[in-house]
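**Q** To start, I am sharing the structure in question, which I have written as structure tokens.
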Amino acid sequence: MPERRTVALVTLGCARNEVDSEELAGRLEADGWQLVEDAADADVAVVNTCGFVEAAKKDSVDALLEANDLKDHGRTQAVVAVGCMAERYGKELAEALPEADGVLGFDDYADISDRLQTILNGGIHAAHTPRDRRKLLPISPVERQEAGTQVAIPGHGPLDLPEGVAPASGPRAPLRRRLDGAPVASVKLASGCDRRCSFCAIPSFRGSFISRRPGDVLNETRWLAEQGVKEIMLVSENNTSYGKDLGDIRLLESLLPELADVDGIERVRVSYLQPAEMRPGLIDVLTSTPKIAPYFDLSFQHSAPGVLRAMRRFGDTDAFLQLLDTIRGKAPEAGVRSNFIVGFPGETAADLAELERFLNGARLDAIGVFGYSDEEGTEAATYDGKLDEEVVAERLARVSRLAEELVSQRAEERVGETVRVLVESVDAQEGVYGRAAHQAPETDGQVLLTNGEGLTIGRMVEAKVVGTEGVDLVAEPLTGSLAWSEEAGR
């Protein structure tokens, strides 16, 4: 019997890429490939790249070069690039990086097994020619659903495995294979974006906004629950637009309670919300529905009106603070995080001071700060008024220091609160760590549980916050919660 072909998936970038990798893993396993964790043990190393900003692109190139080194002293015979950077640059990436044996775009995902086999056999699959994926779907959102079935959209794979392949868990198993055993998993709510932020290139290579149907999202969530997942995080480029192409812009408000009712799911988290698209009904659902985390990942980017208009965005400091007051008026414990760009073309000292005024008043739990740099193909790259790199670096350092102080202060405000913590790691030396409702995976800090003996990964525990370590919390499990957790885990 011939030895099975082996493949490893190396994933960089955001949670959306993680979902895409698991779809690719499902397709490959369904076609007989053996998935291995270490690229050194694989015939083919597939690197799912990120193409968002320069630092992410550099990380992607480094990962491809590292995988290529394995060909000299390991089992690896081929290295293949997929993902956003591969989609965005195609032939250009293939020519600049001959170490990659293949550069595959989104259109290749449905035939990923054949593509890898061709490359493994020494054949050549021509790198694709990049195109503006916004032009592949109708301009009108309501006309996209039918057209979307004819366009490759990663993470929107069919809900049933190919004919003749046994599903992992009943007929509703999605074309997805989990690549880790973590108790949290992302579920793609939609793909693409219709916004035209002047600094962002994502819509050009991810395409226009298209929602997944609610039944698909529900079935995938049920399947994940059967795999032991306790928390799902809904991801897309813009979750507040969910349902507009399905004829119901308020569809998320009705879907969330259904997801919370799925057996086995203890927490549902919604990521990436646009402040300008927040509506009272959505705030109500996010702050009052059991098992829905009162968590607001709001994409503010700045708060000075002039900078926001140049970014092709909306709002200002006072409007944003009012939005936060509304949220906390309904759920005082709500978690809020956001990212900001400093040094945008034309940003004045007064604009920076306005951003600092917002940050000081916002009481955010987590803050990401980035210095502006030109992104190829974006409107902002053509703007006048570019700031010197030294000025951008100084402003980045200044706002980053402020952000670090403010999130530490916000963490200290939570001392004395009771939080529900999903246990994610248990180590005899390091201790027991998990996340509370205001903490998303990998971005917002974590909770160290004291006296966590007997706790296991995947348990949901109530704990009292007794201290902080920067943005992280230290919490003591409540006695009654431990007993409840023991019962829930049976």
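Residue numbers start at 1 in each chain; chains themselves are named A, B, ... in the order of the structure tokens; ligands are numbered from 1 in the order shown.
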Give the strand (DSSP E or B) residues of segment 7-118 of chain A, as assigned by DSSP on the backbone, as a VMD selection string.
**A** chain A and resid 7 to 11 34 to 35 44 to 49 78 to 82 102 to 103
**Q** Do you know which residues are at most 7 Å from Gln301 of chain A counting only C-alpha atoms, after dropping those on the same chain fewer than 6 positions away, and could you put them as number ranges by chain?
**A** A: 339-341
**Q** Dump all heavy atoms for the selected residues as a CSV table (one decimal), in the first residue's frame?
**A**
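Once everything was written out, this is result_17.csv:
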chain,number,residue,atom,x,y,z
A,339,ASN,N,-8.5,49.4,17.5
A,339,ASN,CA,-7.2,49.7,16.9
A,339,ASN,C,-7.2,51.2,16.4
A,339,ASN,O,-8.3,51.7,16.0
A,339,ASN,CB,-6.9,48.8,15.7
A,339,ASN,CG,-6.7,47.4,16.2
A,339,ASN,OD1,-6.2,47.1,17.2
A,339,ASN,ND2,-7.2,46.4,15.4
A,340,PHE,N,-6.0,51.8,16.4
A,340,PHE,CA,-5.9,53.1,15.9
A,340,PHE,C,-4.6,53.3,15.1
A,340,PHE,O,-3.6,52.6,15.2
A,340,PHE,CB,-5.8,54.1,17.1
A,340,PHE,CG,-7.0,54.0,18.1
A,340,PHE,CD1,-7.0,53.1,19.1
A,340,PHE,CD2,-8.0,54.9,17.9
A,340,PHE,CE1,-8.1,53.0,19.9
A,340,PHE,CE2,-9.1,54.8,18.7
A,340,PHE,CZ,-9.2,53.9,19.7
A,341,ILE,N,-4.7,54.2,14.1
A,341,ILE,CA,-3.6,54.6,13.2
A,341,ILE,C,-3.2,56.0,13.6
A,341,ILE,O,-4.0,56.9,13.6
A,341,ILE,CB,-4.0,54.5,11.7
A,341,ILE,CG1,-4.5,53.1,11.4
A,341,ILE,CG2,-2.9,54.9,10.8
A,341,ILE,CD1,-5.0,53.0,10.0
**Q** May I have the residues within 12 Å of Gly207 of chain A as a PyMOL selection string, using only C-alpha atoms and disregarding those fewer than 2 positions away in the same chain?
**A** chain A and resi 84+87-88+106+130-139+144+148+151-154+190-196+201-205+209-211+236-237
**Q** With a distance cut-off of 10 Å and only C-alpha atoms, select the neighbouring residues of Glu54 of chain A, excluding the residue or stretch itself and same-chain residues fewer than 4 positions from it, and output the selection as a PyMOL selection string.
**A** chain A and resi 50+58-60+373-376
**Q** Using only N, CA, C and O atoms, please write the residues we just selected to a file, as a short mmCIF file (atom, residue, chain, number, x, y, z; two decimals), in the first residue's frame.
**A**
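As a result, again_14.cif now contains:
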data_model
loop_
_atom_site.label_atom_id
_atom_site.label_comp_id
_atom_site.auth_asym_id
_atom_site.auth_seq_id
_atom_site.Cartn_x
_atom_site.Cartn_y
_atom_site.Cartn_z
N CYS A 50 -0.47 36.25 5.08
CA CYS A 50 -1.23 37.47 5.37
C CYS A 50 -0.68 38.58 4.48
O CYS A 50 0.53 38.72 4.33
N LYS A 58 6.09 40.61 5.60
CA LYS A 58 7.44 40.14 5.91
C LYS A 58 7.39 38.82 6.67
O LYS A 58 8.16 37.90 6.39
N ASP A 59 6.49 38.73 7.64
CA ASP A 59 6.34 37.47 8.38
C ASP A 59 5.98 36.32 7.44
O ASP A 59 6.46 35.19 7.62
N SER A 60 5.14 36.60 6.47
CA SER A 60 4.74 35.57 5.52
C SER A 60 5.91 35.10 4.67
O SER A 60 6.12 33.90 4.46
N SER A 373 1.76 53.73 7.33
CA SER A 373 2.70 53.58 6.22
C SER A 373 1.87 53.35 4.97
O SER A 373 0.77 52.80 5.02
N ASP A 374 2.40 53.80 3.83
CA ASP A 374 1.67 53.65 2.57
C ASP A 374 1.41 52.18 2.27
O ASP A 374 2.29 51.33 2.42
N GLU A 375 0.20 51.88 1.87
CA GLU A 375 -0.16 50.53 1.44
C GLU A 375 -0.47 50.59 -0.05
O GLU A 375 -1.33 51.35 -0.49
N GLU A 376 0.24 49.78 -0.79
CA GLU A 376 0.11 49.77 -2.24
C GLU A 376 -1.34 49.63 -2.69
O GLU A 376 -2.09 48.80 -2.18
#
**Q** Using only C-alpha atoms, which protein or nucleic acid residues come within 6 Å of segment 390-405 of chain A? Drop anything in the same chain fewer than 3 positions from it, and give the result as a ChimeraX atom specification.
**A** /A:343,371,408
**Q** Please, could you write that set of residues out with C-alpha atoms as a PDB file, in the first residue's frame?
**A**
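Final output, part_32.pdb:
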ATOM      1  CA  GLY A 343       0.674  59.583  11.686  1.00  0.00           C
ATOM      2  CA  GLY A 371       1.996  53.869  12.698  1.00  0.00           C
ATOM      3  CA  SER A 408      -3.587  48.734  32.829  1.00  0.00           C
TER       4      SER A 408
END
**Q** I need the residues of segment 59-258 of chain A that end up classed as alpha helix (DSSP H) by DSSP on the backbone, written out as a compact mmCIF listing (two decimals) with N, CA, C and O atoms, in the first residue's frame.
**A**
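That gives us states_18.txt:
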# COMPACT_ATOMS: atom_id res chain seq x y z
N ASP A 59 6.49 38.73 7.64
CA ASP A 59 6.34 37.47 8.38
C ASP A 59 5.98 36.32 7.44
O ASP A 59 6.46 35.19 7.62
N SER A 60 5.14 36.60 6.47
CA SER A 60 4.74 35.57 5.52
C SER A 60 5.91 35.10 4.67
O SER A 60 6.12 33.90 4.46
N VAL A 61 6.71 36.05 4.19
CA VAL A 61 7.90 35.68 3.40
C VAL A 61 8.87 34.89 4.25
O VAL A 61 9.43 33.87 3.80
N ASP A 62 9.07 35.32 5.49
CA ASP A 62 9.98 34.59 6.38
C ASP A 62 9.50 33.16 6.61
O ASP A 62 10.30 32.22 6.63
N ALA A 63 8.20 32.98 6.76
CA ALA A 63 7.65 31.63 6.97
C ALA A 63 7.86 30.76 5.74
O ALA A 63 8.16 29.56 5.85
N LEU A 64 7.71 31.35 4.55
CA LEU A 64 7.93 30.59 3.32
C LEU A 64 9.40 30.19 3.19
O LEU A 64 9.72 29.05 2.81
N LEU A 65 10.30 31.10 3.52
CA LEU A 65 11.73 30.80 3.45
C LEU A 65 12.12 29.74 4.48
O LEU A 65 12.93 28.85 4.20
N GLU A 66 11.54 29.84 5.66
CA GLU A 66 11.82 28.85 6.71
C GLU A 66 11.35 27.47 6.28
O GLU A 66 12.05 26.46 6.47
N ALA A 67 10.17 27.41 5.68
CA ALA A 67 9.66 26.12 5.19
C ALA A 67 10.54 25.59 4.05
O ALA A 67 10.78 24.38 3.94
N ASN A 68 11.02 26.50 3.22
CA ASN A 68 11.88 26.08 2.11
C ASN A 68 13.18 25.45 2.61
O ASN A 68 13.72 24.52 2.00
N ASP A 69 13.70 25.95 3.74
CA ASP A 69 14.92 25.39 4.31
C ASP A 69 14.76 23.92 4.67
O ASP A 69 15.74 23.16 4.68
N LEU A 70 13.53 23.52 4.96
CA LEU A 70 13.29 22.12 5.35
C LEU A 70 13.55 21.17 4.18
O LEU A 70 13.78 19.98 4.40
N LYS A 71 13.50 21.68 2.97
CA LYS A 71 13.73 20.81 1.81
C LYS A 71 15.16 20.28 1.76
O LYS A 71 15.43 19.28 1.10
N ASP A 72 16.06 20.95 2.46
CA ASP A 72 17.46 20.54 2.44
C ASP A 72 17.76 19.42 3.42
O ASP A 72 18.70 18.65 3.22
N HIS A 73 16.97 19.32 4.49
CA HIS A 73 17.32 18.31 5.51
C HIS A 73 16.10 17.66 6.15
O HIS A 73 16.20 17.09 7.22
N GLY A 83 -3.44 32.05 0.59
CA GLY A 83 -3.85 33.14 1.47
C GLY A 83 -3.81 34.51 0.81
O GLY A 83 -3.65 34.65 -0.40
N CYS A 84 -3.93 35.53 1.65
CA CYS A 84 -4.13 36.89 1.15
C CYS A 84 -2.94 37.42 0.36
O CYS A 84 -3.11 38.09 -0.67
N MET A 85 -1.72 37.16 0.83
CA MET A 85 -0.56 37.68 0.10
C MET A 85 -0.43 36.99 -1.25
O MET A 85 -0.11 37.63 -2.26
N ALA A 86 -0.69 35.69 -1.28
CA ALA A 86 -0.64 34.95 -2.54
C ALA A 86 -1.73 35.45 -3.49
O ALA A 86 -1.50 35.62 -4.69
N GLU A 87 -2.92 35.69 -2.97
CA GLU A 87 -4.02 36.19 -3.80
C GLU A 87 -3.72 37.60 -4.29
O GLU A 87 -3.98 37.92 -5.46
N ARG A 88 -3.16 38.41 -3.44
CA ARG A 88 -2.95 39.83 -3.78
C ARG A 88 -1.85 40.03 -4.81
O ARG A 88 -1.97 40.89 -5.68
N TYR A 89 -0.80 39.21 -4.74
CA TYR A 89 0.36 39.45 -5.60
C TYR A 89 0.59 38.40 -6.68
O TYR A 89 1.24 38.68 -7.69
N LYS A 91 1.54 36.29 -9.52
CA LYS A 91 2.76 36.11 -10.31
C LYS A 91 3.91 36.93 -9.77
O LYS A 91 5.07 36.48 -9.80
N GLU A 92 3.62 38.11 -9.28
CA GLU A 92 4.68 38.97 -8.75
C GLU A 92 5.38 38.29 -7.57
O GLU A 92 6.61 38.31 -7.46
N LEU A 93 4.60 37.68 -6.68
CA LEU A 93 5.18 36.96 -5.55
C LEU A 93 5.96 35.75 -6.03
O LEU A 93 7.06 35.46 -5.53
N ALA A 94 5.42 35.02 -7.01
CA ALA A 94 6.10 33.83 -7.52
C ALA A 94 7.46 34.19 -8.12
O ALA A 94 8.45 33.46 -7.94
N GLU A 95 7.52 35.31 -8.83
CA GLU A 95 8.79 35.73 -9.44
C GLU A 95 9.78 36.24 -8.40
O GLU A 95 10.99 36.00 -8.52
N ALA A 96 9.27 36.94 -7.40
CA ALA A 96 10.15 37.49 -6.37
C ALA A 96 10.62 36.44 -5.38
O ALA A 96 11.64 36.62 -4.71
N ILE A 112 -7.62 22.27 -4.37
CA ILE A 112 -6.34 22.32 -3.67
C ILE A 112 -5.60 21.00 -3.72
O ILE A 112 -4.37 20.96 -3.87
N SER A 113 -6.32 19.89 -3.63
CA SER A 113 -5.65 18.58 -3.65
C SER A 113 -4.93 18.34 -4.97
O SER A 113 -3.75 17.95 -5.01
N ASP A 114 -5.62 18.60 -6.08
CA ASP A 114 -5.00 18.41 -7.39
C ASP A 114 -3.82 19.36 -7.58
O ASP A 114 -2.79 18.99 -8.16
N ARG A 115 -3.96 20.60 -7.10
CA ARG A 115 -2.88 21.57 -7.25
C ARG A 115 -1.62 21.09 -6.50
O ARG A 115 -0.51 21.13 -7.04
N LEU A 116 -1.81 20.62 -5.27
CA LEU A 116 -0.65 20.18 -4.50
C LEU A 116 -0.02 18.93 -5.10
O LEU A 116 1.20 18.78 -5.09
N GLN A 117 -0.86 18.03 -5.60
CA GLN A 117 -0.33 16.80 -6.20
C GLN A 117 0.50 17.13 -7.44
O GLN A 117 1.58 16.56 -7.65
N THR A 118 0.01 18.06 -8.26
CA THR A 118 0.77 18.47 -9.44
C THR A 118 2.13 19.02 -9.04
O THR A 118 3.17 18.65 -9.63
N ILE A 119 2.15 19.88 -8.04
CA ILE A 119 3.40 20.49 -7.59
C ILE A 119 4.32 19.43 -6.98
O ILE A 119 5.53 19.40 -7.22
N LEU A 120 3.73 18.53 -6.19
CA LEU A 120 4.52 17.46 -5.57
C LEU A 120 5.15 16.55 -6.62
O LEU A 120 6.27 16.04 -6.43
N ARG A 144 -26.15 39.58 -4.83
CA ARG A 144 -24.89 38.84 -4.73
C ARG A 144 -25.02 37.37 -4.38
O ARG A 144 -24.15 36.57 -4.71
N GLN A 145 -26.07 36.99 -3.66
CA GLN A 145 -26.11 35.64 -3.12
C GLN A 145 -26.02 34.57 -4.21
O GLN A 145 -25.23 33.63 -4.12
N GLU A 146 -26.82 34.70 -5.24
CA GLU A 146 -26.77 33.70 -6.32
C GLU A 146 -25.45 33.77 -7.06
O GLU A 146 -24.83 32.75 -7.36
N ALA A 147 -24.98 34.98 -7.33
CA ALA A 147 -23.70 35.14 -8.03
C ALA A 147 -22.56 34.61 -7.19
O ALA A 147 -21.57 34.10 -7.71
N GLY A 148 -22.71 34.71 -5.87
CA GLY A 148 -21.65 34.27 -4.98
C GLY A 148 -21.35 32.79 -5.07
O GLY A 148 -20.24 32.35 -4.75
N ILE A 202 -7.75 45.61 1.72
CA ILE A 202 -8.38 44.30 1.88
C ILE A 202 -9.52 44.05 0.89
O ILE A 202 -9.60 42.97 0.30
N PRO A 203 -10.45 45.00 0.68
CA PRO A 203 -11.55 44.71 -0.25
C PRO A 203 -11.09 44.32 -1.66
O PRO A 203 -11.75 43.53 -2.33
N SER A 204 -9.94 44.84 -2.09
CA SER A 204 -9.49 44.55 -3.45
C SER A 204 -9.12 43.09 -3.63
O SER A 204 -9.26 42.54 -4.73
N PHE A 205 -8.63 42.42 -2.57
CA PHE A 205 -8.27 41.01 -2.72
C PHE A 205 -9.18 40.06 -1.96
O PHE A 205 -9.14 38.86 -2.20
N ARG A 206 -10.02 40.57 -1.06
CA ARG A 206 -11.02 39.73 -0.40
C ARG A 206 -12.40 39.86 -1.06
O ARG A 206 -13.26 39.03 -0.87
N PRO A 214 -27.71 32.01 7.42
CA PRO A 214 -27.80 31.70 8.85
C PRO A 214 -27.76 30.20 9.14
O PRO A 214 -27.13 29.77 10.11
N GLY A 215 -28.42 29.40 8.29
CA GLY A 215 -28.42 27.95 8.51
C GLY A 215 -27.03 27.36 8.45
O GLY A 215 -26.70 26.43 9.21
N ASP A 216 -26.19 27.88 7.54
CA ASP A 216 -24.83 27.39 7.43
C ASP A 216 -24.03 27.73 8.69
O ASP A 216 -23.26 26.92 9.20
N VAL A 217 -24.20 28.95 9.18
CA VAL A 217 -23.50 29.37 10.39
C VAL A 217 -23.95 28.54 11.59
O VAL A 217 -23.13 28.09 12.40
N LEU A 218 -25.25 28.30 11.69
CA LEU A 218 -25.78 27.50 12.79
C LEU A 218 -25.28 26.05 12.73
O LEU A 218 -24.86 25.49 13.74
N ASN A 219 -25.32 25.46 11.55
CA ASN A 219 -24.88 24.07 11.43
C ASN A 219 -23.39 23.91 11.74
O ASN A 219 -22.99 22.94 12.37
N GLU A 220 -22.60 24.88 11.29
CA GLU A 220 -21.18 24.80 11.61
C GLU A 220 -20.94 24.95 13.10
O GLU A 220 -20.07 24.28 13.68
N THR A 221 -21.71 25.81 13.75
CA THR A 221 -21.59 25.99 15.19
C THR A 221 -21.98 24.71 15.92
O THR A 221 -21.32 24.30 16.89
N ARG A 222 -23.04 24.05 15.47
CA ARG A 222 -23.43 22.77 16.09
C ARG A 222 -22.34 21.73 15.94
O ARG A 222 -22.03 20.97 16.87
N TRP A 223 -21.74 21.69 14.75
CA TRP A 223 -20.65 20.74 14.51
C TRP A 223 -19.46 21.02 15.42
O TRP A 223 -18.88 20.11 16.00
N LEU A 224 -19.11 22.29 15.55
CA LEU A 224 -17.99 22.65 16.41
C LEU A 224 -18.28 22.28 17.86
O LEU A 224 -17.39 21.82 18.58
N ALA A 225 -19.52 22.49 18.30
CA ALA A 225 -19.89 22.10 19.67
C ALA A 225 -19.68 20.61 19.87
O ALA A 225 -19.23 20.17 20.94
N GLU A 226 -20.00 19.81 18.87
CA GLU A 226 -19.80 18.36 18.96
C GLU A 226 -18.32 17.99 19.01
O GLU A 226 -17.96 16.91 19.48
N LEU A 251 -30.30 40.91 10.62
CA LEU A 251 -30.26 39.45 10.72
C LEU A 251 -29.37 38.97 11.86
O LEU A 251 -29.64 37.95 12.49
N LEU A 252 -28.30 39.72 12.16
CA LEU A 252 -27.40 39.31 13.24
C LEU A 252 -28.13 39.30 14.58
O LEU A 252 -27.90 38.42 15.42
N GLU A 253 -29.05 40.25 14.77
CA GLU A 253 -29.79 40.31 16.03
C GLU A 253 -30.65 39.07 16.25
O GLU A 253 -30.83 38.63 17.39
N SER A 254 -31.17 38.48 15.18
CA SER A 254 -31.99 37.27 15.34
C SER A 254 -31.13 36.00 15.35
O SER A 254 -31.51 35.00 15.97
N LEU A 255 -29.97 36.05 14.70
CA LEU A 255 -29.10 34.87 14.66
C LEU A 255 -28.40 34.62 15.99
O LEU A 255 -28.24 33.46 16.41
N LEU A 256 -27.98 35.68 16.66
CA LEU A 256 -27.19 35.51 17.88
C LEU A 256 -27.88 34.67 18.95
O LEU A 256 -27.27 33.76 19.52
N PRO A 257 -29.15 34.91 19.28
CA PRO A 257 -29.80 34.06 20.29
C PRO A 257 -29.87 32.59 19.87
O PRO A 257 -29.78 31.70 20.71
N GLU A 258 -30.02 32.33 18.57
CA GLU A 258 -30.05 30.95 18.10
C GLU A 258 -28.69 30.28 18.29
O GLU A 258 -28.61 29.11 18.68
**Q** Can you tell me, as a compact mmCIF listing (two decimals) with N, CA, C and O atoms, in the first residue's frame, what residues are no more than 6 Å from Val103 of chain A when counting only C-alpha atoms, ignoring any on the same chain fewer than 2 positions away?
**A**
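So around_10.txt came out as:
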# COMPACT_ATOMS: atom_id res chain seq x y z
N VAL A 80 4.25 25.71 -0.65
CA VAL A 80 3.21 26.37 -1.44
C VAL A 80 2.62 27.53 -0.64
O VAL A 80 2.30 27.39 0.54
N ALA A 81 2.49 28.67 -1.30
CA ALA A 81 1.89 29.85 -0.68
C ALA A 81 0.42 29.95 -1.07
O ALA A 81 0.07 29.83 -2.25
N ALA A 86 -0.69 35.69 -1.28
CA ALA A 86 -0.64 34.95 -2.54
C ALA A 86 -1.73 35.45 -3.49
O ALA A 86 -1.50 35.62 -4.69
N ALA A 127 1.14 30.60 -11.38
CA ALA A 127 0.58 31.53 -10.40
C ALA A 127 -0.47 32.40 -11.08
O ALA A 127 -0.35 32.78 -12.25
**Q** Point out the residue among A:Val142, A:Val235, A:Val229, A:Val285 with the least atom-to-atom distance to Val262 of chain A, counting only C-alpha atoms.
**A** A:Val229
**Q** I'd like the interatomic distance between atom CA of Glu424 of chain A and atom CA of Ala30 of chain A, to a tenth of an Å.
**A** 29.0 Å
**Q** Skipping near chain neighbours, those fewer than 4 positions away, what residues fall within 12 Å of Pro275 of chain A using only C-alpha atoms, listed as a CSV table (one decimal) with C-alpha atoms, in the first residue's frame?
**A**
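Now in selection-v3.csv:
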chain,number,residue,atom,x,y,z
A,238,ASN,CA,-17.4,43.8,9.0
A,239,ASN,CA,-19.9,41.9,11.1
A,240,THR,CA,-22.3,44.9,11.5
A,241,SER,CA,-23.1,44.5,7.7
A,279,ARG,CA,-27.7,50.2,16.0
A,280,PRO,CA,-29.7,50.1,19.2
A,282,LEU,CA,-27.7,45.1,18.1
A,283,ILE,CA,-26.4,46.8,21.2
A,296,PHE,CA,-17.4,45.3,21.4
A,297,ASP,CA,-14.5,45.1,19.0
A,298,LEU,CA,-15.1,48.5,17.6
A,299,SER,CA,-13.0,49.8,14.7
A,300,PHE,CA,-12.5,53.4,15.6
A,301,GLN,CA,-9.1,54.0,13.9
A,302,HIS,CA,-9.0,57.6,15.0
A,303,SER,CA,-11.3,60.2,16.6
A,313,ARG,CA,-14.7,57.1,7.8
A,314,PHE,CA,-17.3,58.7,10.1
A,315,GLY,CA,-17.6,59.9,13.6
A,316,ASP,CA,-15.7,62.0,16.1
A,317,THR,CA,-14.6,61.9,19.8
A,319,ALA,CA,-20.0,60.6,19.1
A,320,PHE,CA,-17.7,57.7,20.0
A,321,LEU,CA,-17.8,58.5,23.7
A,322,GLN,CA,-21.6,58.7,23.6
A,323,LEU,CA,-21.7,55.2,21.9
A,324,LEU,CA,-19.5,53.8,24.7
A,327,ILE,CA,-23.1,50.4,25.8
A,336,VAL,CA,-14.4,47.2,24.5
A,337,ARG,CA,-11.3,47.1,22.3
A,338,SER,CA,-10.1,49.0,19.2
**Q** Which one of A:Val46, A:Val342, A:Leu28, A:Val184 sits closest to Ala110 of chain A if you count only C-alpha atoms?
**A**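 So, comparing all the options, the nearest one is A:Leu28.
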